[in-house]
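S.K.: Hey, dropping coords-v4.pdb in here, PDB, C-alpha atoms:
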```pdb
ATOM      1  CA  MET A   1     -40.551  26.338 -46.284
ATOM      2  CA  LYS A   2     -37.499  24.163 -45.642
ATOM      3  CA  LEU A   3     -36.346  26.647 -43.008
ATOM      4  CA  ILE A   4     -39.653  26.367 -41.177
ATOM      5  CA  ILE A   5     -39.466  22.560 -41.179
ATOM      6  CA  ALA A   6     -35.872  22.713 -39.947
ATOM      7  CA  ALA A   7     -36.869  25.156 -37.196
ATOM      8  CA  ILE A   8     -39.711  22.880 -36.035
ATOM      9  CA  LEU A   9     -37.423  19.832 -36.005
ATOM     10  CA  LEU A  10     -34.725  21.676 -34.081
ATOM     11  CA  SER A  11     -37.262  22.822 -31.516
ATOM     12  CA  PHE A  12     -38.019  19.173 -30.773
ATOM     13  CA  ALA A  13     -34.348  18.668 -30.023
ATOM     14  CA  CYS A  14     -34.484  21.551 -27.578
ATOM     15  CA  TYR A  15     -37.542  20.022 -25.978
ATOM     16  CA  ASN A  16     -35.620  16.784 -25.386
ATOM     17  CA  GLN A  17     -32.717  18.718 -23.899
ATOM     18  CA  ALA A  18     -35.047  20.481 -21.467
ATOM     19  CA  GLU A  19     -36.513  17.186 -20.374
ATOM     20  CA  GLU A  20     -33.024  15.869 -19.685
ATOM     21  CA  GLU A  21     -32.511  18.669 -17.211
ATOM     22  CA  ASN A  22     -35.303  17.365 -14.996
ATOM     23  CA  VAL A  23     -33.775  13.930 -14.827
ATOM     24  CA  ALA A  24     -30.927  12.669 -12.695
ATOM     25  CA  ARG A  25     -27.869  11.156 -14.361
ATOM     26  CA  LEU A  26     -25.232   9.422 -12.298
ATOM     27  CA  LEU A  27     -21.602   8.764 -13.148
ATOM     28  CA  ALA A  28     -19.740   6.366 -10.900
ATOM     29  CA  SER A  29     -16.045   5.640 -10.503
ATOM     30  CA  LYS A  30     -14.278   2.850  -8.665
ATOM     31  CA  ASN A  31     -10.627   3.232  -7.726
ATOM     32  CA  ILE A  32      -8.093   1.218  -5.771
ATOM     33  CA  LEU A  33      -6.186   3.695  -3.613
ATOM     34  CA  ASN A  34      -3.217   1.444  -2.804
ATOM     35  CA  GLN A  35       0.356   2.281  -3.738
ATOM     36  CA  TYR A  36       1.141  -1.434  -3.654
ATOM     37  CA  LEU A  37      -1.235  -4.394  -3.521
ATOM     38  CA  VAL A  38       0.160  -6.848  -0.996
ATOM     39  CA  GLU A  39      -1.281 -10.147   0.183
ATOM     40  CA  GLY A  40      -2.426  -9.771   3.798
ATOM     41  CA  LYS A  41      -2.246  -5.959   3.806
ATOM     42  CA  ASP A  42      -5.235  -3.618   3.604
ATOM     43  CA  LEU A  43      -6.675  -2.878   0.175
ATOM     44  CA  THR A  44      -8.610   0.405   0.017
ATOM     45  CA  VAL A  45     -11.401   0.752  -2.571
ATOM     46  CA  GLU A  46     -13.106   4.098  -3.179
ATOM     47  CA  TYR A  47     -16.388   4.529  -5.053
ATOM     48  CA  LYS A  48     -17.451   8.029  -6.088
ATOM     49  CA  ILE A  49     -20.889   8.794  -7.530
ATOM     50  CA  TYR A  50     -21.549  12.136  -9.248
ATOM     51  CA  ASN A  51     -25.006  13.427 -10.158
ATOM     52  CA  ILE A  52     -24.601  15.456 -13.335
ATOM     53  CA  GLY A  53     -28.339  15.626 -14.045
ATOM     54  CA  GLY A  54     -30.795  18.370 -13.203
ATOM     55  CA  SER A  55     -32.746  16.635 -10.467
ATOM     56  CA  SER A  56     -32.100  14.372  -7.499
ATOM     57  CA  ALA A  57     -31.522  10.667  -7.953
ATOM     58  CA  PHE A  58     -33.571   8.492  -5.618
ATOM     59  CA  ASP A  59     -33.039   5.063  -4.115
ATOM     60  CA  VAL A  60     -29.410   4.825  -5.281
ATOM     61  CA  ASN A  61     -27.991   1.328  -4.826
ATOM     62  CA  LEU A  62     -24.325   0.414  -5.210
ATOM     63  CA  LYS A  63     -23.421  -3.255  -5.373
ATOM     64  CA  ASP A  64     -19.978  -4.691  -6.060
ATOM     65  CA  SER A  65     -19.810  -8.428  -6.693
ATOM     66  CA  GLY A  66     -16.266  -8.278  -8.025
ATOM     67  CA  PHE A  67     -14.518  -9.426  -4.837
ATOM     68  CA  PRO A  68     -15.157 -13.154  -4.319
ATOM     69  CA  GLU A  69     -15.081 -14.265  -0.708
ATOM     70  CA  THR A  70     -12.406 -16.871  -1.447
ATOM     71  CA  ASP A  71      -9.965 -14.210  -2.608
ATOM     72  CA  PHE A  72     -10.823 -11.186  -0.468
ATOM     73  CA  GLU A  73     -11.860 -10.648   3.116
ATOM     74  CA  VAL A  74     -13.987  -7.596   3.923
ATOM     75  CA  LEU A  75     -12.442  -5.782   6.891
ATOM     76  CA  ARG A  76     -14.498  -2.631   7.097
ATOM     77  CA  GLY A  77     -17.315  -1.213   4.989
ATOM     78  CA  SER A  78     -20.046  -2.864   2.994
ATOM     79  CA  LEU A  79     -20.051  -3.851  -0.697
ATOM     80  CA  ASN A  80     -23.827  -3.327  -1.043
ATOM     81  CA  VAL A  81     -25.091   0.065   0.111
ATOM     82  CA  ARG A  82     -27.787   2.590  -0.694
ATOM     83  CA  TRP A  83     -28.402   6.294  -0.495
ATOM     84  CA  GLU A  84     -31.943   7.639  -0.201
ATOM     85  CA  ARG A  85     -31.212  10.553  -2.537
ATOM     86  CA  ILE A  86     -28.312  12.302  -4.218
ATOM     87  CA  ALA A  87     -28.959  15.973  -4.958
ATOM     88  CA  PRO A  88     -28.174  17.365  -8.445
ATOM     89  CA  GLY A  89     -24.668  18.678  -8.898
ATOM     90  CA  THR A  90     -23.334  16.858  -5.843
ATOM     91  CA  ASN A  91     -21.189  13.803  -5.335
ATOM     92  CA  VAL A  92     -20.936  11.116  -2.686
ATOM     93  CA  SER A  93     -18.161   8.692  -1.908
ATOM     94  CA  HIS A  94     -17.984   5.291  -0.298
ATOM     95  CA  ASN A  95     -14.949   3.341   0.905
ATOM     96  CA  VAL A  96     -14.418  -0.331   1.610
ATOM     97  CA  ILE A  97     -11.354  -1.980   3.159
ATOM     98  CA  LEU A  98     -10.523  -5.488   1.961
ATOM     99  CA  ARG A  99      -7.656  -7.868   2.522
ATOM    100  CA  PRO A 100      -6.371 -10.045  -0.331
ATOM    101  CA  LEU A 101      -6.084 -13.640   0.761
ATOM    102  CA  SER A 102      -3.830 -14.757  -2.080
ATOM    103  CA  TYR A 103      -1.302 -13.232  -4.469
ATOM    104  CA  GLY A 104      -1.197 -13.046  -8.248
ATOM    105  CA  TYR A 105      -2.890 -11.072 -10.994
ATOM    106  CA  PHE A 106      -6.467 -10.033 -10.360
ATOM    107  CA  ASN A 107      -8.913  -8.316 -12.678
ATOM    108  CA  PHE A 108     -10.752  -5.615 -10.772
ATOM    109  CA  THR A 109     -14.177  -5.328 -12.421
ATOM    110  CA  SER A 110     -16.956  -2.724 -12.228
ATOM    111  CA  GLY A 111     -19.569  -2.335  -9.560
ATOM    112  CA  GLU A 112     -23.230  -1.843 -10.423
ATOM    113  CA  VAL A 113     -25.276   1.281  -9.675
ATOM    114  CA  THR A 114     -29.087   1.415  -9.912
ATOM    115  CA  TYR A 115     -31.196   4.480  -9.220
ATOM    116  CA  LYS A 116     -34.526   6.146  -9.954
ATOM    117  CA  PRO A 117     -33.913   9.205 -12.147
ATOM    118  CA  SER A 118     -36.787  11.185 -10.620
ATOM    119  CA  GLU A 119     -39.172  11.026  -7.710
ATOM    120  CA  GLU A 120     -42.076   9.853  -9.868
ATOM    121  CA  ALA A 121     -40.049   7.207 -11.724
ATOM    122  CA  THR A 122     -41.271   3.679 -11.214
ATOM    123  CA  GLU A 123     -38.398   1.817 -12.846
ATOM    124  CA  SER A 124     -34.779   1.982 -11.789
ATOM    125  CA  VAL A 125     -32.015   2.826 -14.221
ATOM    126  CA  SER A 126     -28.913   0.668 -14.111
ATOM    127  CA  GLY A 127     -25.295   1.530 -14.829
ATOM    128  CA  TYR A 128     -21.743   0.484 -13.998
ATOM    129  CA  THR A 129     -18.810   2.101 -12.258
ATOM    130  CA  SER A 130     -15.444   2.417 -13.973
ATOM    131  CA  ALA A 131     -13.230  -0.656 -13.627
ATOM    132  CA  PRO A 132      -9.707  -0.319 -12.182
ATOM    133  CA  GLY A 133      -8.509  -3.112 -14.481
ATOM    134  CA  GLU A 134      -5.890  -5.745 -13.808
ATOM    135  CA  GLY A 135      -3.558  -5.432 -10.855
ATOM    136  CA  GLY A 136      -0.846  -7.600  -9.386
ATOM    137  CA  ILE A 137      -1.079  -8.594  -5.743
ATOM    138  CA  VAL A 138       2.420  -9.124  -4.412
ATOM    139  CA  ASN A 139       3.354 -12.024  -2.170
ATOM    140  CA  SER A 140       3.907 -10.779   1.404
ATOM    141  CA  LYS A 141       7.348 -12.397   1.583
ATOM    142  CA  ASP A 142       8.523 -10.620  -1.573
ATOM    143  CA  PHE A 143       7.154  -7.322  -0.313
ATOM    144  CA  ASP A 144       8.983  -7.648   3.030
ATOM    145  CA  ARG A 145      12.200  -8.604   1.278
ATOM    146  CA  ARG A 146      12.018  -5.349  -0.675
ATOM    147  CA  PHE A 147      10.576  -2.920   1.873
ATOM    148  CA  SER A 148      10.780  -4.067   5.469
ATOM    149  CA  PRO A 149      13.537  -2.669   7.752
ATOM    150  CA  HIS A 150      15.700  -5.890   7.789
ATOM    151  CA  VAL A 151      16.594  -5.259  11.420
ATOM    152  CA  VAL A 152      15.954  -8.786  12.678
ATOM    153  CA  SER A 153      16.150 -10.911   9.516
TER     154      SER A 153
ATOM    155  CA  MET B   1     -72.416  22.482  22.486
ATOM    156  CA  GLU B   2     -69.644  24.921  21.891
ATOM    157  CA  SER B   3     -67.719  23.745  24.935
ATOM    158  CA  THR B   4     -67.713  20.078  23.846
ATOM    159  CA  GLY B   5     -66.379  21.178  20.462
ATOM    160  CA  MET B   6     -63.656  23.147  22.208
ATOM    161  CA  ILE B   7     -62.826  20.155  24.419
ATOM    162  CA  VAL B   8     -62.493  17.881  21.379
ATOM    163  CA  ILE B   9     -60.181  20.362  19.645
ATOM    164  CA  PHE B  10     -58.156  20.830  22.817
ATOM    165  CA  CYS B  11     -57.737  17.066  23.319
ATOM    166  CA  SER B  12     -56.712  16.479  19.722
ATOM    167  CA  LEU B  13     -54.151  19.274  20.026
ATOM    168  CA  LEU B  14     -52.722  17.547  23.080
ATOM    169  CA  ILE B  15     -52.296  14.283  21.168
ATOM    170  CA  VAL B  16     -50.608  15.893  18.113
ATOM    171  CA  PRO B  17     -47.140  16.340  19.742
ATOM    172  CA  PHE B  18     -46.905  12.584  20.234
ATOM    173  CA  PHE B  19     -47.266  12.004  16.504
ATOM    174  CA  VAL B  20     -44.785  14.742  15.647
ATOM    175  CA  THR B  21     -41.996  13.533  17.937
ATOM    176  CA  ALA B  22     -42.374   9.973  16.632
ATOM    177  CA  ASP B  23     -40.168  10.970  13.664
ATOM    178  CA  THR B  24     -37.108  11.794  15.763
ATOM    179  CA  CYS B  25     -34.953   9.108  17.278
ATOM    180  CA  LEU B  26     -35.368   9.203  21.042
ATOM    181  CA  GLY B  27     -32.532   8.085  23.276
ATOM    182  CA  PRO B  28     -30.114   7.143  20.463
ATOM    183  CA  GLU B  29     -27.493   4.495  21.167
ATOM    184  CA  VAL B  30     -24.678   3.918  18.732
ATOM    185  CA  LYS B  31     -22.407   0.873  18.490
ATOM    186  CA  ALA B  32     -19.558   1.902  16.201
ATOM    187  CA  GLU B  33     -16.512   0.267  14.622
ATOM    188  CA  THR B  34     -13.983   2.592  13.079
ATOM    189  CA  TYR B  35     -11.067   2.332  10.685
ATOM    190  CA  THR B  36      -8.382   4.807   9.699
ATOM    191  CA  THR B  37      -5.570   4.380   7.177
ATOM    192  CA  THR B  38      -2.413   3.550   9.133
ATOM    193  CA  GLU B  39      -0.019   2.544   6.339
ATOM    194  CA  ALA B  40       0.833   4.719   3.339
ATOM    195  CA  VAL B  41       1.120   1.544   1.248
ATOM    196  CA  SER B  42      -2.590   0.750   1.768
ATOM    197  CA  SER B  43      -3.875   4.027   0.421
ATOM    198  CA  ARG B  44      -2.553   7.236  -1.078
ATOM    199  CA  ASP B  45      -5.385   9.138   0.654
ATOM    200  CA  THR B  46      -6.171   8.902   4.341
ATOM    201  CA  VAL B  47      -9.533   7.156   4.694
ATOM    202  CA  PHE B  48     -11.819   7.161   7.752
ATOM    203  CA  ILE B  49     -14.636   4.621   7.922
ATOM    204  CA  VAL B  50     -17.241   4.469  10.687
ATOM    205  CA  GLN B  51     -19.652   1.546  10.607
ATOM    206  CA  PHE B  52     -22.371   1.721  13.221
ATOM    207  CA  GLN B  53     -25.719   0.406  14.359
ATOM    208  CA  LEU B  54     -28.251   2.860  15.737
ATOM    209  CA  THR B  55     -30.947   1.855  18.202
ATOM    210  CA  CYS B  56     -33.672   4.290  19.202
ATOM    211  CA  LYS B  57     -35.879   3.978  22.269
ATOM    212  CA  ASN B  58     -38.899   4.551  20.021
ATOM    213  CA  LYS B  59     -37.830   1.677  17.760
ATOM    214  CA  LEU B  60     -37.223   3.812  14.650
ATOM    215  CA  ASP B  61     -35.011   2.390  11.951
ATOM    216  CA  ASN B  62     -34.075   3.063   8.331
ATOM    217  CA  LEU B  63     -33.499   6.750   9.109
ATOM    218  CA  ASN B  64     -31.872   9.262   6.783
ATOM    219  CA  LEU B  65     -28.713  10.376   8.532
ATOM    220  CA  TYR B  66     -26.059  12.973   7.761
ATOM    221  CA  ALA B  67     -22.608  13.285   9.293
ATOM    222  CA  GLU B  68     -20.786  16.581   9.788
ATOM    223  CA  ILE B  69     -16.994  16.555   9.935
ATOM    224  CA  LYS B  70     -14.643  19.540   9.686
ATOM    225  CA  GLY B  71     -17.444  21.735   8.388
ATOM    226  CA  LYS B  72     -18.386  19.303   5.607
ATOM    227  CA  THR B  73     -21.701  17.435   5.606
ATOM    228  CA  ILE B  74     -21.785  13.940   4.107
ATOM    229  CA  PRO B  75     -24.777  11.611   3.727
ATOM    230  CA  VAL B  76     -24.574   8.382   5.690
ATOM    231  CA  THR B  77     -25.015   5.216   3.621
ATOM    232  CA  LYS B  78     -27.195   2.304   4.648
ATOM    233  CA  SER B  79     -26.043  -1.240   4.161
ATOM    234  CA  VAL B  80     -28.523  -3.280   2.113
ATOM    235  CA  GLY B  81     -29.748  -6.314   3.992
ATOM    236  CA  SER B  82     -28.526  -5.282   7.437
ATOM    237  CA  ASN B  83     -29.174  -2.475   9.897
ATOM    238  CA  VAL B  84     -25.667  -1.037   9.564
ATOM    239  CA  TYR B  85     -24.905   2.566   8.609
ATOM    240  CA  GLN B  86     -21.560   3.713   7.210
ATOM    241  CA  ILE B  87     -19.732   7.030   7.069
ATOM    242  CA  SER B  88     -16.812   7.237   4.612
ATOM    243  CA  TYR B  89     -14.476  10.220   4.638
ATOM    244  CA  SER B  90     -11.192  10.566   2.785
ATOM    245  CA  ASP B  91      -8.721  13.326   2.040
ATOM    246  CA  GLU B  92      -5.014  13.906   1.434
ATOM    247  CA  PRO B  93      -2.831  12.650   4.303
ATOM    248  CA  LYS B  94      -1.446  16.105   5.052
ATOM    249  CA  LYS B  95      -4.979  17.451   5.571
ATOM    250  CA  LEU B  96      -5.785  14.679   8.060
ATOM    251  CA  PRO B  97      -2.975  14.560  10.624
ATOM    252  CA  SER B  98      -3.081  12.276  13.647
ATOM    253  CA  GLY B  99      -5.579  13.237  16.330
ATOM    254  CA  GLN B 100      -9.201  12.917  17.283
ATOM    255  CA  TYR B 101     -11.986  13.598  14.785
ATOM    256  CA  ASP B 102     -15.624  14.042  15.800
ATOM    257  CA  PHE B 103     -18.387  13.009  13.443
ATOM    258  CA  ARG B 104     -21.666  14.692  14.399
ATOM    259  CA  LEU B 105     -24.737  12.757  13.266
ATOM    260  CA  TYR B 106     -27.944  14.551  12.295
ATOM    261  CA  ASP B 107     -31.336  13.279  11.130
ATOM    262  CA  ASP B 108     -33.487  14.972   8.454
ATOM    263  CA  GLU B 109     -34.705  17.669  10.855
ATOM    264  CA  GLY B 110     -31.257  18.389  12.238
ATOM    265  CA  TYR B 111     -29.803  18.521   8.724
ATOM    266  CA  ALA B 112     -32.435  21.027   7.601
ATOM    267  CA  SER B 113     -31.628  23.272  10.608
ATOM    268  CA  LEU B 114     -27.914  22.876   9.862
ATOM    269  CA  ARG B 115     -28.335  23.955   6.243
ATOM    270  CA  LYS B 116     -30.495  26.922   7.271
ATOM    271  CA  ALA B 117     -27.877  28.061   9.768
ATOM    272  CA  GLN B 118     -25.075  27.657   7.223
ATOM    273  CA  ARG B 119     -26.971  29.635   4.587
ATOM    274  CA  SER B 120     -27.705  32.524   6.938
ATOM    275  CA  GLY B 121     -24.145  32.489   8.229
ATOM    276  CA  GLU B 122     -25.074  31.659  11.815
ATOM    277  CA  SER B 123     -23.008  29.453  14.053
ATOM    278  CA  THR B 124     -23.892  25.782  13.806
ATOM    279  CA  ASP B 125     -22.783  25.014  17.361
ATOM    280  CA  ASN B 126     -26.287  25.561  18.711
ATOM    281  CA  ILE B 127     -27.784  22.724  16.690
ATOM    282  CA  LYS B 128     -27.548  19.655  18.825
ATOM    283  CA  PRO B 129     -26.520  16.524  16.906
ATOM    284  CA  LEU B 130     -28.311  13.229  17.317
ATOM    285  CA  TYR B 131     -25.027  11.606  18.347
ATOM    286  CA  THR B 132     -21.281  12.267  18.083
ATOM    287  CA  VAL B 133     -18.835   9.523  17.116
ATOM    288  CA  SER B 134     -15.171  10.132  17.925
ATOM    289  CA  VAL B 135     -12.477   8.597  15.746
ATOM    290  CA  ASN B 136      -8.890   8.487  16.921
ATOM    291  CA  HIS B 137      -6.405   8.576  14.046
ATOM    292  CA  PRO B 138      -2.913   7.432  15.118
ATOM    293  CA  GLY B 139      -1.319   8.750  11.935
ATOM    294  CA  VAL B 140      -0.059   7.134   8.756
ATOM    295  CA  TRP B 141       3.202   5.184   8.876
ATOM    296  CA  LYS B 142       5.249   5.958   5.821
ATOM    297  CA  GLY B 143       8.159   3.644   6.551
ATOM    298  CA  PRO B 144      11.119   3.854   8.939
ATOM    299  CA  ALA B 145      12.633   7.340   9.328
ATOM    300  CA  LEU B 146      16.110   6.030   8.692
ATOM    301  CA  GLN B 147      17.049   3.023   6.599
ATOM    302  CA  SER B 148      18.385   0.219   8.801
ATOM    303  CA  GLU B 149      21.452  -0.125   6.560
ATOM    304  CA  PHE B 150      22.210   3.551   7.106
ATOM    305  CA  VAL B 151      21.907   3.168  10.874
ATOM    306  CA  ALA B 152      24.221   0.119  10.820
ATOM    307  CA  ALA B 153      26.835   2.021   8.779
ATOM    308  CA  LEU B 154      26.594   4.986  11.171
ATOM    309  CA  VAL B 155      27.153   2.726  14.201
ATOM    310  CA  ALA B 156      30.113   1.069  12.478
ATOM    311  CA  ILE B 157      31.704   4.460  11.769
ATOM    312  CA  LEU B 158      31.172   5.560  15.392
ATOM    313  CA  VAL B 159      32.774   2.342  16.699
ATOM    314  CA  TRP B 160      35.749   2.807  14.361
ATOM    315  CA  TYR B 161      36.113   6.464  15.428
ATOM    316  CA  SER B 162      36.073   5.699  19.158
ATOM    317  CA  ALA B 163      38.602   2.901  18.591
ATOM    318  CA  TYR B 164      40.829   5.336  16.618
ATOM    319  CA  ILE B 165      40.653   7.960  19.381
ATOM    320  CA  ALA B 166      41.495   5.321  22.013
ATOM    321  CA  LYS B 167      44.437   4.100  19.892
ATOM    322  CA  THR B 168      45.897   7.581  19.412
ATOM    323  CA  LYS B 169      45.468   8.290  23.127
ATOM    324  CA  LEU B 170      47.442   5.141  23.983
ATOM    325  CA  GLN B 171      50.121   6.003  21.427
ATOM    326  CA  THR B 172      50.588   9.561  22.730
ATOM    327  CA  THR B 173      50.821   8.525  26.376
ATOM    328  CA  ASN B 174      53.593   5.991  25.551
TER     329      ASN B 174
END
```
Kindly present the structure from the file in structure tokens form.

M.R.:
Amino acid sequence: MKLIIAAILLSFACYNQAEEENVARLLASKNILNQYLVEGKDLTVEYKIYNIGGSSAFDVNLKDSGFPETDFEVLRGSLNVRWERIAPGTNVSHNVILRPLSYGYFNFTSGEVTYKPSEEATESVSGYTSAPGEGGIVNSKDFDRRFSPHVVS
Amino acid sequence: MESTGMIVIFCSLLIVPFFVTADTCLGPEVKAETYTTTEAVSSRDTVFIVQFQLTCKNKLDNLNLYAEIKGKTIPVTKSVGSNVYQISYSDEPKKLPSGQYDFRLYDDEGYASLRKAQRSGESTDNIKPLYTVSVNHPGVWKGPALQSEFVAALVAILVWYSAYIAKTKLQTTN
């Protein structure tokens, strides 16, 4: 009797698993690709979104509000983009080039990703990218003192 | 009676192509701004970014676009709140040497034909892209080839050596 009850309960778990396979699930990472963060030099940010679910994700929006305009200038790329759909088992990447306007320690926070887990879904699911954490932006004078060719000065 | 029916069908068939071609961008014009990684300090991978605006003669916008580069197909992102599309492509610096890179843009139809050709192993050169954007990558600067201190020391040694040769020459002629 107990075995039958256990079997029925376990079958519900399998049912949930199967349902998961028809739903999209996105994982997103955010990385700073720089070797050194220097004031006035390009800062390269890369976002990668992976769909590990069993169906396409629709209306995927990526928005990063973690770069205030007073501290960073956007050179190329957009911090708020969307993809119409991301197929299951595939990944997409997005790059943005910024320029730090001041030096010091900066906490690089997560971006936000919203998407519809299936074509029939009416509500969007929201998640966050990974956060690169705190980084130090070096003063341009200190960087030149250490790395520039010293030919003239 | 039959002939009027036939005429109606014939006329409606004539109109259908106009509705079908309305989905493809006619006479595409692209205004693009590009970026490539030029300093190794800025990024450990070489990154190409193409931001562009697409205008079609039939006033289509908000299209689904795909870019093909080096055999890889990437979806083109749309900027929220503006009519700007973006292609992002990155790889290790040694896989992306300096030179010209062509990004071929395809719409939904073109992408479907591309995938079909790739699956059946046919050549994809016959499928005409919507537009091709060329990016010129000047290469990534990794720092000066020789340290300036090393060059200065080398010059100093050369000067000393030529002075030594001159001195011995004078001494032997005396």

S.K.: Which residue gives the smallest distance to Phe147 (chain A) among B:Val80, B:Glu33, B:Trp160, B:Ser148, with only C-alpha atoms counted?

M.R.: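 Counting only C-alpha atoms, the residue closest to Phe147 (chain A) is B:Ser148.
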
S.K.: List the residues selected by the PyMOL selection byres ((chain A and resi 132) around 7) in the file shown, writing them as a list in words.

M.R.: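 Residues picked by the PyMOL selection byres ((chain A and resi 132) around 7): Lys30, Asn31, Ile32, Phe108, Thr109, Ser130, Ala131, Gly133 and Glu134 of chain A.
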
S.K.: Applying the PyMOL selection byres ((chain B) within 6 of (chain A)) to the file I just gave you, which residues come out? Please list them as an MDAnalysis selection string.

M.R.: chainID B and resid 41:44 77:80 88 148

S.K.: Starting from the shown file, work through the PyMOL selection byres ((chain B and resi 58-72) around 9) and note down what comes out as a compact mmCIF listing (two decimals) with C-alpha atoms, in the coordinates of the input.

M.R.:
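Below you can see out34.txt, which holds the result:
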```
# COMPACT_ATOMS: atom_id res chain seq x y z
CA TRP A 83 -28.40 6.29 -0.50
CA GLU A 84 -31.94 7.64 -0.20
CA ALA B 22 -42.37 9.97 16.63
CA ASP B 23 -40.17 10.97 13.66
CA THR B 24 -37.11 11.79 15.76
CA CYS B 25 -34.95 9.11 17.28
CA LEU B 26 -35.37 9.20 21.04
CA GLY B 27 -32.53 8.09 23.28
CA LEU B 54 -28.25 2.86 15.74
CA THR B 55 -30.95 1.86 18.20
CA CYS B 56 -33.67 4.29 19.20
CA LYS B 57 -35.88 3.98 22.27
CA THR B 73 -21.70 17.43 5.61
CA ILE B 74 -21.78 13.94 4.11
CA PRO B 75 -24.78 11.61 3.73
CA VAL B 76 -24.57 8.38 5.69
CA THR B 77 -25.02 5.22 3.62
CA LYS B 78 -27.20 2.30 4.65
CA ASN B 83 -29.17 -2.48 9.90
CA TYR B 85 -24.90 2.57 8.61
CA ILE B 87 -19.73 7.03 7.07
CA TYR B 89 -14.48 10.22 4.64
CA TYR B 101 -11.99 13.60 14.78
CA ASP B 102 -15.62 14.04 15.80
CA PHE B 103 -18.39 13.01 13.44
CA ARG B 104 -21.67 14.69 14.40
CA LEU B 105 -24.74 12.76 13.27
CA TYR B 106 -27.94 14.55 12.30
CA ASP B 107 -31.34 13.28 11.13
CA ASP B 108 -33.49 14.97 8.45
CA GLY B 110 -31.26 18.39 12.24
CA TYR B 111 -29.80 18.52 8.72
CA THR B 132 -21.28 12.27 18.08
```

S.K.: Near Tyr115 (chain A), within 8 Å and counting all atoms listed in the file, which residues show up once chain neighbours fewer than 5 positions away are dropped, as a list in words?

M.R.: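 Contacts, in chain order: Ala57, Phe58, Asp59, Val60, Asn61, Ser124, Val125 and Ser126 of chain A.
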
S.K.: Would you mind listing what lies within 12 Å of Ser113 (chain B) as a ChimeraX atom specification, with only C-alpha atoms counted and same-chain residues fewer than 2 positions away left out?

M.R.: /B:106-111,115-120,122-129
